[in-house]
file input17.txt (compact mmCIF, C-alpha atoms)
# COMPACT_ATOMS: atom_id res chain seq x y z
CA MET W 27 -63.61 -172.07 45.63
CA ALA W 28 -64.79 -175.66 45.75
CA ILE W 29 -66.67 -177.08 48.68
CA ASN W 30 -64.64 -180.28 48.33
CA LYS W 31 -62.01 -181.72 45.96
CA ASN W 32 -64.63 -183.62 43.97
CA HIS W 33 -66.29 -180.50 42.62
CA GLU W 34 -63.79 -177.84 41.63
CA PHE W 35 -64.41 -174.85 39.44
CA GLU W 36 -62.39 -171.83 38.42
CA GLU W 37 -61.94 -169.39 35.58
CA LEU W 38 -60.06 -170.81 32.58
CA GLY W 39 -59.41 -168.56 29.63
CA GLY W 40 -61.89 -166.00 30.90
CA VAL W 41 -64.73 -168.55 31.27
CA LYS W 42 -65.96 -169.99 34.57
CA CYS W 43 -65.43 -173.74 34.22
CA GLY W 44 -65.96 -176.96 36.08
CA ILE W 45 -62.53 -178.59 36.37
CA VAL W 46 -62.37 -182.07 34.87
CA GLU W 47 -58.68 -182.82 35.51
CA ARG W 48 -55.45 -180.96 36.25
CA ASN W 49 -51.87 -181.64 35.11
CA VAL W 50 -52.98 -183.72 32.14
CA SER W 51 -50.70 -184.95 29.34
CA PRO W 52 -51.44 -183.95 25.73
CA ALA W 53 -52.60 -187.50 24.92
CA ARG W 54 -55.04 -187.43 27.84
CA VAL W 55 -56.29 -184.00 26.71
CA ALA W 56 -57.12 -185.42 23.28
CA PHE W 57 -59.03 -188.35 24.84
CA LEU W 58 -61.02 -186.18 27.28
CA LYS W 59 -61.77 -183.49 24.70
CA LYS W 60 -63.13 -186.03 22.20
CA LEU W 61 -65.25 -187.76 24.85
CA LEU W 62 -66.64 -184.59 26.45
CA GLU W 63 -67.37 -182.84 23.16
CA PHE W 64 -69.28 -185.94 22.02
CA ASN W 65 -71.38 -185.52 25.19
CA GLN W 66 -72.23 -181.91 24.21
CA PHE W 67 -69.83 -180.13 26.61
CA THR W 68 -67.75 -177.13 25.63
CA VAL W 69 -64.20 -178.10 26.58
CA ILE W 70 -61.61 -175.49 27.56
CA VAL W 71 -57.94 -176.46 27.84
CA VAL W 72 -55.24 -174.19 29.26
CA PRO W 73 -51.60 -174.89 30.14
CA SER W 74 -51.09 -175.78 33.80
CA ALA W 75 -49.16 -173.40 36.00
CA PRO W 76 -45.50 -174.35 36.42
CA PRO W 77 -44.67 -176.02 39.72
CA LYS W 78 -43.47 -173.75 42.50
CA SER W 79 -39.72 -173.88 42.95
CA VAL W 80 -38.01 -174.32 46.29
CA PRO W 81 -35.21 -171.83 47.05
CA VAL W 82 -31.77 -173.44 47.04
CA PRO W 83 -29.61 -172.60 50.08
CA LEU W 84 -26.13 -171.14 49.62
CA VAL W 85 -23.33 -173.66 49.58
CA LYS W 86 -20.76 -173.07 52.31
CA SER W 87 -17.16 -174.18 52.14
CA LEU W 88 -15.42 -175.96 54.97
CA VAL W 89 -13.99 -172.61 56.09
CA GLY W 90 -17.50 -171.21 56.46
CA GLU W 91 -17.47 -168.77 53.55
CA ALA W 92 -20.27 -168.73 51.03
CA ILE W 93 -19.27 -169.98 47.58
CA ASP W 94 -20.83 -168.27 44.61
CA GLU W 95 -21.56 -171.12 42.22
CA PRO W 96 -24.13 -170.93 39.46
CA LEU W 97 -27.39 -172.56 40.38
CA PRO W 98 -28.30 -175.65 38.39
CA ALA W 99 -30.71 -174.98 35.55
CA PRO W 100 -34.29 -175.85 36.45
CA ALA W 101 -35.49 -179.08 34.90
CA GLU W 102 -37.90 -178.65 32.04
CA SER W 103 -41.36 -179.34 33.35
CA PRO W 104 -43.42 -181.53 31.06
CA ASN W 105 -46.19 -179.76 29.21
CA THR W 106 -49.32 -180.38 31.23
CA PHE W 107 -52.75 -178.91 30.89
CA THR W 108 -55.87 -178.20 32.91
CA VAL W 109 -59.07 -179.45 31.31
CA GLY W 110 -62.41 -177.85 32.13
CA VAL W 111 -65.92 -177.60 30.73
CA SER W 112 -67.99 -174.45 30.49
CA ASP W 113 -70.73 -176.05 32.59
CA TYR W 114 -69.31 -175.21 36.02
CA THR W 115 -71.77 -177.62 37.70
CA PHE W 116 -70.11 -180.57 35.94
CA ASN W 117 -68.66 -183.12 38.32
CA PRO W 118 -66.71 -185.97 36.67
CA ILE W 119 -67.34 -188.37 39.57
CA ASN W 120 -71.10 -187.87 39.39
CA ALA W 121 -71.06 -188.10 35.60
CA ILE W 122 -69.22 -191.43 35.60
CA PHE W 123 -71.08 -193.15 38.44
CA GLY W 124 -74.37 -191.56 37.45
CA ARG W 125 -73.88 -193.19 34.03
CA SER W 126 -74.63 -189.94 32.21
CA LEU W 127 -71.65 -189.99 29.82
CA LYS W 128 -71.69 -192.04 26.62
CA THR W 129 -68.86 -193.19 24.36
CA PRO W 130 -68.97 -192.37 20.64
CA ASN W 131 -70.11 -195.95 19.94
CA GLY W 132 -73.09 -195.60 22.31
CA HIS W 133 -71.89 -197.41 25.44
CA VAL W 134 -71.98 -195.97 28.95
CA VAL W 135 -68.63 -194.60 30.15
CA THR W 136 -67.28 -196.79 32.94
CA LEU W 137 -64.55 -195.85 35.41
CA ALA W 138 -62.07 -198.18 33.66
CA TYR W 139 -62.80 -196.48 30.32
CA TRP W 140 -62.51 -193.00 31.87
CA GLU W 141 -59.13 -193.88 33.37
CA GLN W 142 -58.13 -195.40 30.00
CA HIS W 143 -57.56 -198.89 31.41
CA GLU W 144 -59.95 -200.25 28.76
CA VAL W 145 -60.08 -199.27 25.10
CA VAL W 146 -63.77 -200.15 24.80
CA SER W 147 -66.35 -199.40 27.48
CA HIS W 148 -68.21 -202.51 28.56
CA ASP W 149 -71.67 -201.67 29.78
CA GLU W 150 -72.07 -203.28 33.13
CA VAL W 151 -75.51 -203.93 34.52
CA PRO W 152 -75.66 -201.98 37.80
CA TYR W 153 -75.86 -204.15 40.88
CA TYR W 154 -79.34 -202.89 41.70
CA GLU W 155 -80.69 -204.05 38.30
CA ARG W 156 -79.25 -207.56 38.47
CA SER W 157 -81.70 -210.36 39.14
call {"tool": "encode", "arguments": {"input": "input17.txt", "output": "structure tokens"}}
result
Amino acid sequence: MAINKNHEFEELGGVKCGIVERNVSPARVAFLKKLLEFNQFTVIVVPSAPPKSVPVPLVKSLVGEAIDEPLPAPAESPNTFTVGVSDYTFNPINAIFGRSLKTPNGHVVTLAYWEQHEVVSHDEVPYYERS
């Protein structure tokens, strides 16, 4: 059990893992796996649990009798995954803002790069190093 939502860990595929992200698309899995494996982490990806369904109440006719109608088929949930690393002390927030992750081309991973808003990570000089 995590102390807070910023540092979650659980067992994925029989290995205790630090959770990187939950409910991730396959494209996001590929991005995170490439980035984290480049940074020497063992990445573990498992399918996310399906969402919990809400029971549908019986439909009543105007007379007050229950009508037996087939329930609508549940919508296909998109394939989502949970991404974790075998280092259960890993915290993605600390890794990004602590500037400890690198891109394959040698730049520091920024928040915009992590969230895939930028294709290339632009190393920013931290505010405390600016003159």
call {"tool": "residues_near_point", "arguments": {"input": "input17.txt", "point": "(-69.9, -198.0, 37.1)", "cutoff": "12 Å", "atoms": "all atoms listed in the file", "output": "number ranges by chain"}}
result
W: 119-127, 133-140, 147-154
call {"tool": "residues_around", "arguments": {"input": "input17.txt", "residues": "segment 107-110 of chain W", "least_positions_apart": "2", "cutoff": "8 Å", "atoms": "all atoms listed in the file", "output": "PyMOL selection string"}}
result
chain W and resi 38+43-52+55+69-74+105+112
call {"tool": "atom_distance", "arguments": {"input": "input17.txt", "atom1": "atom CA of Phe57 of chain W", "atom2": "atom CA of Thr129 of chain W"}}
result
11.0 Å
call {"tool": "closest_residue", "arguments": {"input": "input17.txt", "among": "W:Gln142, W:Lys128, W:Val41, W:Phe35", "to": "Glu63 of chain W", "atoms": "all atoms listed in the file"}}
result
W:Lys128
call {"tool": "axis_aligned_box", "arguments": {"input": "input17.txt", "around": "segment 114-130 of chain W", "padding_each_side": "6 Å", "output": "JSON"}}
result
{"center_x": -70.7, "center_y": -184.2, "center_z": 30.1, "size_x": 19.9, "size_y": 30.0, "size_z": 30.9}
call {"tool": "closest_residue", "arguments": {"input": "input17.txt", "among": "W:His33, W:Val111, W:Thr106, W:Gly40", "to": "Thr68 of chain W", "atoms": "all atoms listed in the file"}}
result
W:Val111
call {"tool": "atom_distance", "arguments": {"input": "input17.txt", "atom1": "atom CA of Glu144 of chain W", "atom2": "atom CA of Leu62 of chain W"}}
result
17.2 Å
call {"tool": "atom_distance", "arguments": {"input": "input17.txt", "atom1": "atom CA of Pro118 of chain W", "atom2": "atom CA of Gly132 of chain W"}}
result
18.4 Å
